[in-house]
$ cat work.pdb   # PDB, C-alpha atoms
ATOM      1  CA  MET A   1     -17.545 -16.056  29.265
ATOM      2  CA  SER A   2     -18.984 -19.297  27.894
ATOM      3  CA  GLY A   3     -19.681 -19.174  24.178
ATOM      4  CA  SER A   4     -17.216 -16.326  23.524
ATOM      5  CA  PRO A   5     -14.728 -16.813  20.652
ATOM      6  CA  HIS A   6     -11.341 -18.207  21.634
ATOM      7  CA  PRO A   7      -8.355 -16.218  20.365
ATOM      8  CA  ILE A   8      -5.751 -17.809  18.134
ATOM      9  CA  PHE A   9      -3.531 -14.779  18.393
ATOM     10  CA  GLU A  10      -3.688 -11.754  20.649
ATOM     11  CA  ILE A  11      -1.086  -9.038  20.898
ATOM     12  CA  ILE A  12      -1.209  -5.744  22.741
ATOM     13  CA  ASN A  13       1.022  -2.712  22.225
ATOM     14  CA  ALA A  14       3.888  -4.539  20.503
ATOM     15  CA  ARG A  15       7.108  -3.295  18.958
ATOM     16  CA  VAL A  16       9.024  -5.738  16.760
ATOM     17  CA  TRP A  17      12.550  -5.134  15.498
ATOM     18  CA  ARG A  18      14.108  -6.811  12.464
ATOM     19  CA  GLY A  19      17.777  -6.056  12.916
ATOM     20  CA  GLU A  20      17.974  -2.300  13.417
ATOM     21  CA  THR A  21      14.646  -1.665  11.688
ATOM     22  CA  LEU A  22      11.459  -1.118  13.670
ATOM     23  CA  ALA A  23       9.152  -3.406  11.664
ATOM     24  CA  LEU A  24       5.980  -3.225  13.794
ATOM     25  CA  GLN A  25       5.004  -0.509  16.247
ATOM     26  CA  ASP A  26       1.999   0.252  18.458
ATOM     27  CA  PHE A  27       0.700  -3.093  17.220
ATOM     28  CA  SER A  28      -2.443  -4.521  18.833
ATOM     29  CA  LEU A  29      -4.522  -7.238  17.205
ATOM     30  CA  ARG A  30      -6.754 -10.204  18.048
ATOM     31  CA  LEU A  31      -7.621 -13.079  15.711
ATOM     32  CA  ASP A  32     -10.289 -15.542  16.875
ATOM     33  CA  HIS A  33     -11.176 -19.129  16.048
ATOM     34  CA  GLY A  34     -14.078 -19.298  13.639
ATOM     35  CA  GLU A  35     -13.093 -16.325  11.499
ATOM     36  CA  SER A  36     -11.079 -15.979   8.311
ATOM     37  CA  VAL A  37      -9.101 -12.810   7.774
ATOM     38  CA  ALA A  38      -7.176 -11.085   5.000
ATOM     39  CA  ILE A  39      -4.078  -9.024   5.840
ATOM     40  CA  LEU A  40      -3.471  -6.520   3.073
ATOM     41  CA  GLY A  41      -0.694  -4.024   2.528
ATOM     42  CA  PRO A  42       2.026  -2.824   0.147
ATOM     43  CA  ASN A  43       5.605  -4.102   0.241
ATOM     44  CA  GLY A  44       7.330  -2.973   3.417
ATOM     45  CA  ALA A  45       4.058  -2.613   5.342
ATOM     46  CA  GLY A  46       5.071  -5.193   7.975
ATOM     47  CA  LYS A  47       3.279  -8.279   6.633
ATOM     48  CA  SER A  48       6.336 -10.560   6.850
ATOM     49  CA  SER A  49       7.139  -9.382  10.372
ATOM     50  CA  PHE A  50       3.543 -10.006  11.414
ATOM     51  CA  LEU A  51       3.752 -13.547  10.005
ATOM     52  CA  LYS A  52       6.945 -14.265  11.945
ATOM     53  CA  LEU A  53       5.270 -12.950  15.080
ATOM     54  CA  LEU A  54       2.235 -15.176  14.469
ATOM     55  CA  THR A  55       4.339 -18.288  13.893
ATOM     56  CA  GLY A  56       6.531 -17.661  16.936
ATOM     57  CA  GLU A  57       9.739 -16.981  14.968
ATOM     58  CA  VAL A  58      10.178 -13.518  16.497
ATOM     59  CA  ARG A  59       9.113 -12.001  19.787
ATOM     60  CA  PRO A  60       8.090  -8.417  20.498
ATOM     61  CA  GLU A  61      10.375  -6.049  22.370
ATOM     62  CA  ALA A  62      10.239  -6.736  26.109
ATOM     63  CA  ASP A  63       7.963  -4.216  27.787
ATOM     64  CA  PRO A  64       5.584  -4.531  30.774
ATOM     65  CA  ALA A  65       2.833  -2.955  28.641
ATOM     66  CA  THR A  66       3.236  -5.511  25.840
ATOM     67  CA  HIS A  67       1.462  -8.872  25.804
ATOM     68  CA  CYS A  68       1.635 -11.571  23.138
ATOM     69  CA  TYR A  69      -0.463 -14.744  23.267
ATOM     70  CA  LEU A  70      -0.736 -17.648  20.854
ATOM     71  CA  PHE A  71      -3.665 -19.969  21.594
ATOM     72  CA  GLY A  72      -3.988 -18.264  24.975
ATOM     73  CA  GLU A  73      -0.381 -18.931  26.035
ATOM     74  CA  ASP A  74       2.465 -16.445  26.386
ATOM     75  CA  ARG A  75       5.080 -19.218  26.112
ATOM     76  CA  TRP A  76       5.142 -21.823  23.375
ATOM     77  CA  SER A  77       7.386 -24.213  21.488
ATOM     78  CA  LEU A  78       7.912 -23.932  17.752
ATOM     79  CA  GLU A  79       7.274 -27.680  17.476
ATOM     80  CA  GLU A  80       3.813 -27.263  18.994
ATOM     81  CA  LEU A  81       2.999 -24.275  16.791
ATOM     82  CA  ARG A  82       4.048 -26.201  13.682
ATOM     83  CA  HIS A  83       1.187 -28.620  14.389
ATOM     84  CA  ARG A  84      -1.378 -25.940  15.237
ATOM     85  CA  ILE A  85      -0.618 -23.430  12.465
ATOM     86  CA  GLY A  86      -0.233 -24.570   8.855
ATOM     87  CA  VAL A  87       1.838 -22.080   6.873
ATOM     88  CA  VAL A  88       2.259 -21.878   3.088
ATOM     89  CA  MET A  89       4.888 -19.531   1.673
ATOM     90  CA  PRO A  90       5.773 -19.200  -2.038
ATOM     91  CA  GLU A  91       9.519 -19.757  -1.479
ATOM     92  CA  GLU A  92       8.800 -23.289  -0.214
ATOM     93  CA  VAL A  93       8.500 -24.444  -3.828
ATOM     94  CA  GLU A  94      12.275 -24.074  -4.232
ATOM     95  CA  ARG A  95      13.044 -26.276  -1.244
ATOM     96  CA  PHE A  96      12.082 -29.532  -2.953
ATOM     97  CA  SER A  97      14.138 -31.560  -5.379
ATOM     98  CA  SER A  98      12.578 -31.866  -8.834
ATOM     99  CA  TYR A  99      12.798 -35.642  -8.355
ATOM    100  CA  GLU A 100      10.910 -35.691  -5.042
ATOM    101  CA  ILE A 101       7.760 -37.818  -5.249
ATOM    102  CA  THR A 102       4.748 -35.612  -4.575
ATOM    103  CA  ARG A 103       3.293 -37.761  -1.790
ATOM    104  CA  ASP A 104       6.706 -37.700  -0.091
ATOM    105  CA  ALA A 105       6.748 -33.893  -0.284
ATOM    106  CA  VAL A 106       3.470 -33.850   1.642
ATOM    107  CA  LEU A 107       4.653 -36.482   4.139
ATOM    108  CA  SER A 108       7.869 -34.578   4.885
ATOM    109  CA  SER A 109       5.814 -31.965   6.758
ATOM    110  CA  LEU A 110       5.194 -34.564   9.485
ATOM    111  CA  ARG A 111       8.941 -34.515  10.221
ATOM    112  CA  GLY A 112       9.385 -30.763   9.900
ATOM    113  CA  ALA A 113      11.549 -31.308   6.807
ATOM    114  CA  TYR A 114      11.556 -30.525   3.102
ATOM    115  CA  GLY A 115      11.995 -33.719   1.164
ATOM    116  CA  ARG A 116      14.622 -36.394   1.926
ATOM    117  CA  THR A 117      11.754 -38.719   2.861
ATOM    118  CA  ARG A 118      13.550 -41.813   1.534
ATOM    119  CA  GLU A 119      15.600 -41.667   4.752
ATOM    120  CA  MET A 120      12.457 -41.458   6.918
ATOM    121  CA  ARG A 121       9.903 -43.976   8.110
ATOM    122  CA  PHE A 122       6.180 -43.268   7.921
ATOM    123  CA  SER A 123       3.326 -45.335   9.295
ATOM    124  CA  GLN A 124       0.292 -46.333   7.290
ATOM    125  CA  ALA A 125      -1.684 -43.797   9.319
ATOM    126  CA  ASP A 126       0.776 -41.075   8.234
ATOM    127  CA  LYS A 127       0.312 -42.028   4.597
ATOM    128  CA  GLN A 128      -3.456 -41.986   4.984
ATOM    129  CA  ARG A 129      -3.263 -38.477   6.446
ATOM    130  CA  ALA A 130      -1.215 -37.326   3.473
ATOM    131  CA  ASP A 131      -3.696 -38.888   1.047
ATOM    132  CA  ARG A 132      -6.653 -37.225   2.811
ATOM    133  CA  ALA A 133      -4.981 -33.828   2.531
ATOM    134  CA  MET A 134      -4.253 -34.351  -1.174
ATOM    135  CA  LYS A 135      -7.834 -35.501  -1.814
ATOM    136  CA  LEU A 136      -9.119 -32.377  -0.067
ATOM    137  CA  LEU A 137      -7.041 -30.226  -2.422
ATOM    138  CA  GLY A 138      -7.980 -32.250  -5.503
ATOM    139  CA  VAL A 139      -4.409 -33.402  -6.204
ATOM    140  CA  ILE A 140      -4.442 -37.053  -5.134
ATOM    141  CA  HIS A 141      -3.992 -38.041  -8.791
ATOM    142  CA  LEU A 142      -0.553 -36.381  -8.643
ATOM    143  CA  ALA A 143       0.625 -38.412  -5.633
ATOM    144  CA  ASP A 144       3.132 -40.573  -7.533
ATOM    145  CA  ARG A 145       4.405 -37.857  -9.871
ATOM    146  CA  GLU A 146       7.778 -36.164  -9.474
ATOM    147  CA  PHE A 147       7.458 -32.693  -7.982
ATOM    148  CA  GLY A 148       9.406 -31.145 -10.853
ATOM    149  CA  THR A 149       6.848 -32.320 -13.418
ATOM    150  CA  LEU A 150       3.965 -30.398 -11.814
ATOM    151  CA  SER A 151       2.649 -27.048 -13.002
ATOM    152  CA  SER A 152       3.070 -23.986 -10.779
ATOM    153  CA  GLY A 153      -0.591 -24.175  -9.736
ATOM    154  CA  GLU A 154      -0.337 -27.888  -8.906
ATOM    155  CA  ARG A 155       2.765 -27.264  -6.807
ATOM    156  CA  ARG A 156       0.985 -24.547  -4.856
ATOM    157  CA  ARG A 157      -1.938 -26.872  -4.083
ATOM    158  CA  ILE A 158       0.528 -29.561  -2.978
ATOM    159  CA  LEU A 159       2.075 -27.054  -0.579
ATOM    160  CA  ILE A 160      -1.368 -26.341   0.867
ATOM    161  CA  ALA A 161      -1.994 -30.084   1.262
ATOM    162  CA  ARG A 162       1.390 -30.307   2.986
ATOM    163  CA  ALA A 163       0.346 -27.576   5.425
ATOM    164  CA  LEU A 164      -2.958 -29.326   6.133
ATOM    165  CA  VAL A 165      -1.505 -32.795   6.802
ATOM    166  CA  HIS A 166      -1.216 -31.918  10.517
ATOM    167  CA  GLU A 167      -4.897 -30.867  10.542
ATOM    168  CA  PRO A 168      -3.892 -27.450  11.969
ATOM    169  CA  GLU A 169      -6.308 -25.114  13.694
ATOM    170  CA  VAL A 170      -5.560 -22.290  11.275
ATOM    171  CA  LEU A 171      -4.105 -22.186   7.758
ATOM    172  CA  VAL A 172      -1.874 -19.207   6.896
ATOM    173  CA  LEU A 173      -1.232 -18.358   3.247
ATOM    174  CA  ASP A 174       1.475 -15.838   2.375
ATOM    175  CA  GLU A 175       1.080 -14.258  -1.090
ATOM    176  CA  PRO A 176      -0.402 -17.521  -2.449
ATOM    177  CA  SER A 177      -0.680 -16.455  -6.098
ATOM    178  CA  THR A 178       2.979 -15.377  -6.447
ATOM    179  CA  ALA A 179       4.439 -16.705  -9.732
ATOM    180  CA  LEU A 180       1.106 -18.213 -10.821
ATOM    181  CA  ASP A 181      -0.362 -17.460 -14.223
ATOM    182  CA  PHE A 182      -3.921 -16.165 -14.546
ATOM    183  CA  SER A 183      -5.520 -19.605 -14.922
ATOM    184  CA  ALA A 184      -3.606 -21.098 -11.965
ATOM    185  CA  ALA A 185      -4.454 -18.085  -9.807
ATOM    186  CA  LEU A 186      -8.162 -18.541 -10.571
ATOM    187  CA  GLN A 187      -7.954 -22.231  -9.703
ATOM    188  CA  LEU A 188      -6.217 -21.359  -6.450
ATOM    189  CA  THR A 189      -8.979 -18.907  -5.558
ATOM    190  CA  GLY A 190     -11.484 -21.709  -6.145
ATOM    191  CA  THR A 191      -9.470 -23.941  -3.804
ATOM    192  CA  LEU A 192      -9.470 -21.291  -1.078
ATOM    193  CA  ARG A 193     -13.209 -20.795  -1.453
ATOM    194  CA  SER A 194     -13.736 -24.550  -1.064
ATOM    195  CA  LEU A 195     -11.658 -24.583   2.144
ATOM    196  CA  LEU A 196     -13.632 -21.631   3.495
ATOM    197  CA  GLY A 197     -16.843 -23.472   2.630
ATOM    198  CA  LEU A 198     -15.636 -26.383   4.768
ATOM    199  CA  GLY A 199     -15.276 -24.053   7.740
ATOM    200  CA  ARG A 200     -11.485 -23.812   7.752
ATOM    201  CA  ASP A 201      -9.952 -20.851   9.586
ATOM    202  CA  LEU A 202      -7.816 -19.066   6.988
ATOM    203  CA  LEU A 203      -5.448 -16.147   7.290
ATOM    204  CA  LEU A 204      -4.543 -14.714   3.886
ATOM    205  CA  VAL A 205      -1.575 -12.328   3.681
ATOM    206  CA  THR A 206      -1.363 -10.453   0.392
ATOM    207  CA  HIS A 207      -0.599  -7.145  -1.316
ATOM    208  CA  HIS A 208      -3.327  -7.695  -3.920
ATOM    209  CA  PRO A 209      -6.982  -6.938  -3.007
ATOM    210  CA  GLY A 210      -8.200  -9.103  -5.894
ATOM    211  CA  GLU A 211      -6.926 -12.256  -4.122
ATOM    212  CA  ILE A 212      -9.402 -11.918  -1.269
ATOM    213  CA  PRO A 213     -12.216 -14.505  -1.665
ATOM    214  CA  PRO A 214     -15.822 -13.270  -1.320
ATOM    215  CA  GLU A 215     -16.342 -15.458   1.783
ATOM    216  CA  MET A 216     -13.593 -13.641   3.710
ATOM    217  CA  GLN A 217     -15.385 -10.888   5.594
ATOM    218  CA  ARG A 218     -12.692  -9.273   7.779
ATOM    219  CA  VAL A 219      -9.844  -7.278   6.247
ATOM    220  CA  ILE A 220      -6.881  -5.692   8.027
ATOM    221  CA  LEU A 221      -4.756  -3.072   6.281
ATOM    222  CA  LEU A 222      -1.106  -2.599   7.269
ATOM    223  CA  ARG A 223       1.040   0.429   6.501
ATOM    224  CA  ASN A 224       4.484   1.365   7.836
ATOM    225  CA  GLY A 225       4.376  -1.319  10.516
ATOM    226  CA  ARG A 226       1.028  -0.200  11.926
ATOM    227  CA  ILE A 227      -2.580  -1.278  11.553
ATOM    228  CA  PHE A 228      -4.042   1.259   9.164
ATOM    229  CA  ALA A 229      -7.608  -0.128   9.221
ATOM    230  CA  ASP A 230      -9.444  -3.209  10.493
ATOM    231  CA  GLY A 231     -13.057  -4.179   9.945
ATOM    232  CA  LYS A 232     -15.685  -5.624   7.657
ATOM    233  CA  LYS A 233     -14.599  -6.019   4.062
ATOM    234  CA  GLN A 234     -17.250  -3.704   2.648
ATOM    235  CA  ASP A 235     -16.125  -0.955   5.019
ATOM    236  CA  ILE A 236     -12.391  -1.436   4.463
ATOM    237  CA  LEU A 237     -12.030  -2.097   0.730
ATOM    238  CA  THR A 238     -13.163   1.331  -0.443
ATOM    239  CA  SER A 239     -11.631   3.507  -3.139
ATOM    240  CA  ALA A 240     -10.606   6.136  -0.597
ATOM    241  CA  ARG A 241      -8.933   3.713   1.846
ATOM    242  CA  LEU A 242      -7.062   1.737  -0.827
ATOM    243  CA  SER A 243      -5.924   4.911  -2.591
ATOM    244  CA  ASP A 244      -4.555   6.166   0.717
ATOM    245  CA  LEU A 245      -2.937   2.803   1.524
ATOM    246  CA  TYR A 246      -1.147   2.382  -1.811
ATOM    247  CA  GLN A 247      -0.665   6.102  -2.510
ATOM    248  CA  VAL A 248      -2.170   5.836  -5.984
ATOM    249  CA  ASP A 249      -5.621   6.697  -7.304
ATOM    250  CA  LEU A 250      -7.689   3.488  -7.160
ATOM    251  CA  ARG A 251     -11.336   2.756  -7.873
ATOM    252  CA  VAL A 252     -13.116  -0.191  -6.301
ATOM    253  CA  GLY A 253     -15.768  -1.816  -8.478
TER
END

$ encode --input "work.pdb" --output "C-alpha cells"
Amino acid sequence: MSGSPHPIFEIINARVWRGETLALQDFSLRLDHGESVAILGPNGAGKSSFLKLLTGEVRPEADPATHCYLFGEDRWSLEELRHRIGVVMPEEVERFSSYEITRDAVLSSLRGAYGRTREMRFSQADKQRADRAMKLLGVIHLADREFGTLSSGERRRILIARALVHEPEVLVLDEPSTALDFSAALQLTGTLRSLLGLGRDLLLVTHHPGEIPPEMQRVILLRNGRIFADGKKQDILTSARLSDLYQVDLRVG
C-alpha cells in the first residue's frame, strides 16, 4: 500500500542457536523506516543474538514457518549490509592503535577495516565524507589527534562518526555508555538526541532504562530469548513491567 512504512527488518517465528544454546525462540519482530527503537533487557536476554541477526551475521534455524527479511530481501551480502546499517559496539574502541590518527580511524570504515589506513588510498570525496560525519558529531576538532589521546567519551563519538560515514539507513548502538563516566554518558545522550532531532533512524540496545532518550517512543523488552513486551514507551517502562523483567523491585519516576 502506498504510503505505508517500509520495513528495515522483519522476522517471523524465528529460532536462533548460538552453539548449543537456544538464544532466540518464537521470535517475531518488525522494525520500520522512520522510527527509532530501544531494545532493553538484562544480560542473557538475547540482545547480542538479536544484533547478530539484524546485521546478517547469523541466520535463524531453517523452518518453512520462519521468515527473515532485511530491507525487504531474504538474501543479502554482508558487504551491502555494512553500507546500509551503521553499527557501534563498545569493544570497537580496543581495535584501534593508540597512534592511529582520528580521521584515519573514521576513514577505515570505508574499507571495512580497523585502522591501518596508511596502507590505503582515499579520494578527496572520501575525506570529505569523513569530515562531514565528524562535524555532525561535534568532533572535527579532533581529526588530527592520535586516537589514544582522546577521552572515553570522545572515542565513543568518533566511533559513531565512523558508523555514519557510509550514510547508513539505520544506526545501531550497542550499550553505548559502557565504560563512560557520568559526564561522558550525559554528553553521549545529548549526541543521540541531536541525531534523533535530525530524523536519523536509531536502534538503541541497552540493559539500562536511563539511557533511552526522551525522543525514542518505542521500547521492546527482551527476556530469555523472547520478546517480553513491545509498545509505546509510556506503556512499557512501568514499575511493574521493569520489576518483572529484572526480577527486582523497581520504581519508575

$ resolve_selection --input "work.pdb" --expression "the PyMOL selection byres ((chain A and resi 225-228) around 12)" --output "PyMOL selection string"
chain A and resi 13-18+21-30+39-50+219-224+229-231+236+241-242+244-246

$ residues_around --input "work.pdb" --residues "segment 147-156 of chain A" --least-positions-apart "2" --cutoff "10 Å" --atoms "only C-alpha atoms" --output "CSV table (one decimal) with C-alpha atoms, in the coordinates of the input"
chain,number,residue,atom,x,y,z
A,88,VAL,CA,2.3,-21.9,3.1
A,89,MET,CA,4.9,-19.5,1.7
A,90,PRO,CA,5.8,-19.2,-2.0
A,92,GLU,CA,8.8,-23.3,-0.2
A,93,VAL,CA,8.5,-24.4,-3.8
A,96,PHE,CA,12.1,-29.5,-3.0
A,97,SER,CA,14.1,-31.6,-5.4
A,98,SER,CA,12.6,-31.9,-8.8
A,99,TYR,CA,12.8,-35.6,-8.4
A,100,GLU,CA,10.9,-35.7,-5.0
A,101,ILE,CA,7.8,-37.8,-5.2
A,102,THR,CA,4.7,-35.6,-4.6
A,103,ARG,CA,3.3,-37.8,-1.8
A,104,ASP,CA,6.7,-37.7,-0.1
A,105,ALA,CA,6.7,-33.9,-0.3
A,137,LEU,CA,-7.0,-30.2,-2.4
A,138,GLY,CA,-8.0,-32.2,-5.5
A,139,VAL,CA,-4.4,-33.4,-6.2
A,142,LEU,CA,-0.6,-36.4,-8.6
A,143,ALA,CA,0.6,-38.4,-5.6
A,144,ASP,CA,3.1,-40.6,-7.5
A,145,ARG,CA,4.4,-37.9,-9.9
A,158,ILE,CA,0.5,-29.6,-3.0
A,159,LEU,CA,2.1,-27.1,-0.6
A,160,ILE,CA,-1.4,-26.3,0.9
A,161,ALA,CA,-2.0,-30.1,1.3
A,162,ARG,CA,1.4,-30.3,3.0
A,176,PRO,CA,-0.4,-17.5,-2.4
A,177,SER,CA,-0.7,-16.5,-6.1
A,178,THR,CA,3.0,-15.4,-6.4
A,179,ALA,CA,4.4,-16.7,-9.7
A,180,LEU,CA,1.1,-18.2,-10.8
A,181,ASP,CA,-0.4,-17.5,-14.2
A,182,PHE,CA,-3.9,-16.2,-14.5
A,183,SER,CA,-5.5,-19.6,-14.9
A,184,ALA,CA,-3.6,-21.1,-12.0
A,185,ALA,CA,-4.5,-18.1,-9.8
A,186,LEU,CA,-8.2,-18.5,-10.6
A,187,GLN,CA,-8.0,-22.2,-9.7
A,188,LEU,CA,-6.2,-21.4,-6.4

$ closest_residue --input "work.pdb" --among "A:Ala130, A:Val165, A:Leu107, A:Leu173" --to "Glu91 of chain A" --atoms "only C-alpha atoms"
A:Leu173

$ atom_distance --input "work.pdb" --atom1 "atom CA of Ala65 of chain A" --atom2 "atom CA of Lys52 of chain A"
20.6 Å

$ resolve_selection --input "work.pdb" --expression "the PyMOL selection byres ((chain A and resi 192-198) around 10)" --output "PyMOL selection string"
chain A and resi 35-36+136-137+157+160+171+173+176+186-191+199-202+204+211-216

$ atom_distance --input "work.pdb" --atom1 "atom CA of Val252 of chain A" --atom2 "atom CA of Thr238 of chain A"
6.1 Å

$ closest_residue --input "work.pdb" --among "A:Arg121, A:Lys233, A:His83, A:Arg218" --to "Asp32 of chain A" --atoms "only C-alpha atoms"
A:Arg218

$ closest_residue --input "work.pdb" --among "A:His6, A:Lys232, A:His207, A:His166" --to "Gly86 of chain A" --atoms "only C-alpha atoms"
A:His166

$ atom_distance --input "work.pdb" --atom1 "atom CA of Asp174 of chain A" --atom2 "atom CA of Thr206 of chain A"
6.4 Å

$ closest_residue --input "work.pdb" --among "A:Glu169, A:Glu146, A:Glu175, A:Asp63" --to "Leu51 of chain A" --atoms "only C-alpha atoms"
A:Glu175

$ closest_residue --input "work.pdb" --among "A:Trp76, A:Ile12, A:Gln124, A:Ser109" --to "Pro60 of chain A" --atoms "all atoms listed in the file"
A:Ile12

$ closest_residue --input "work.pdb" --among "A:Gln128, A:Gln217, A:Ala62, A:Gly210" --to "Gly253 of chain A" --atoms "only C-alpha atoms"
A:Gly210

$ resolve_selection --input "work.pdb" --expression "the PyMOL selection byres ((chain A and resi 10) around 10)" --output "list in words"
Pro7, Ile8, Phe9, Ile11, Ile12, Ser28, Leu29, Arg30, Leu31, Asp32, Leu54, His67, Cys68, Tyr69, Leu70, Phe71, Gly72, Glu73 and Asp74 of chain A

$ axis_aligned_box --input "work.pdb" --around "segment 12-21 of chain A" --padding-each-side "8 Å" --output "JSON"
{"center_x": 8.4, "center_y": -4.2, "center_z": 17.2, "size_x": 35.2, "size_y": 21.1, "size_z": 27.1}

$ decode --input "work.pdb" --residues "segment 179-225 of chain A" --atoms "C-alpha atoms" --output "compact mmCIF listing (two decimals), in the first residue's frame"
# COMPACT_ATOMS: atom_id res chain seq x y z
CA ALA A 179 32.89 2.37 30.29
CA LEU A 180 31.86 6.05 30.13
CA ASP A 181 31.89 8.22 33.22
CA PHE A 182 28.80 10.19 34.23
CA SER A 183 29.77 13.35 32.33
CA ALA A 184 30.66 11.47 29.13
CA ALA A 185 27.43 9.46 29.33
CA LEU A 186 25.41 12.69 29.57
CA GLN A 187 27.24 14.14 26.58
CA LEU A 188 26.55 10.97 24.63
CA THR A 189 22.85 11.20 25.43
CA GLY A 190 22.91 14.76 24.08
CA THR A 191 24.55 13.48 20.89
CA LEU A 192 21.88 10.81 20.44
CA ARG A 193 19.13 13.37 20.98
CA SER A 194 20.69 15.59 18.31
CA LEU A 195 20.77 12.69 15.83
CA LEU A 196 17.14 11.88 16.60
CA GLY A 197 16.29 15.55 16.06
CA LEU A 198 17.83 15.30 12.59
CA GLY A 199 15.48 12.44 11.75
CA ARG A 200 18.01 9.61 11.96
CA ASP A 201 16.63 6.10 12.42
CA LEU A 202 18.27 4.79 15.59
CA LEU A 203 18.18 1.40 17.23
CA LEU A 204 19.50 1.52 20.80
CA VAL A 205 20.34 -1.78 22.51
CA THR A 206 20.88 -1.46 26.24
CA HIS A 207 20.31 -3.02 29.67
CA HIS A 208 19.84 0.39 31.30
CA PRO A 209 16.44 2.16 31.00
CA GLY A 210 18.06 5.50 31.87
CA GLU A 211 19.94 5.50 28.53
CA ILE A 212 16.77 5.79 26.48
CA PRO A 213 16.40 9.36 25.12
CA PRO A 214 13.02 11.10 25.56
CA GLU A 215 12.52 11.25 21.77
CA MET A 216 12.60 7.44 21.46
CA GLN A 217 8.98 6.37 21.69
CA ARG A 218 9.01 2.60 21.05
CA VAL A 219 10.57 0.19 23.55
CA ILE A 220 10.99 -3.57 23.21
CA LEU A 221 11.79 -5.70 26.25
CA LEU A 222 13.66 -9.00 25.84
CA ARG A 223 13.81 -11.81 28.38
CA ASN A 224 15.13 -15.36 27.98
CA GLY A 225 15.39 -15.05 24.21
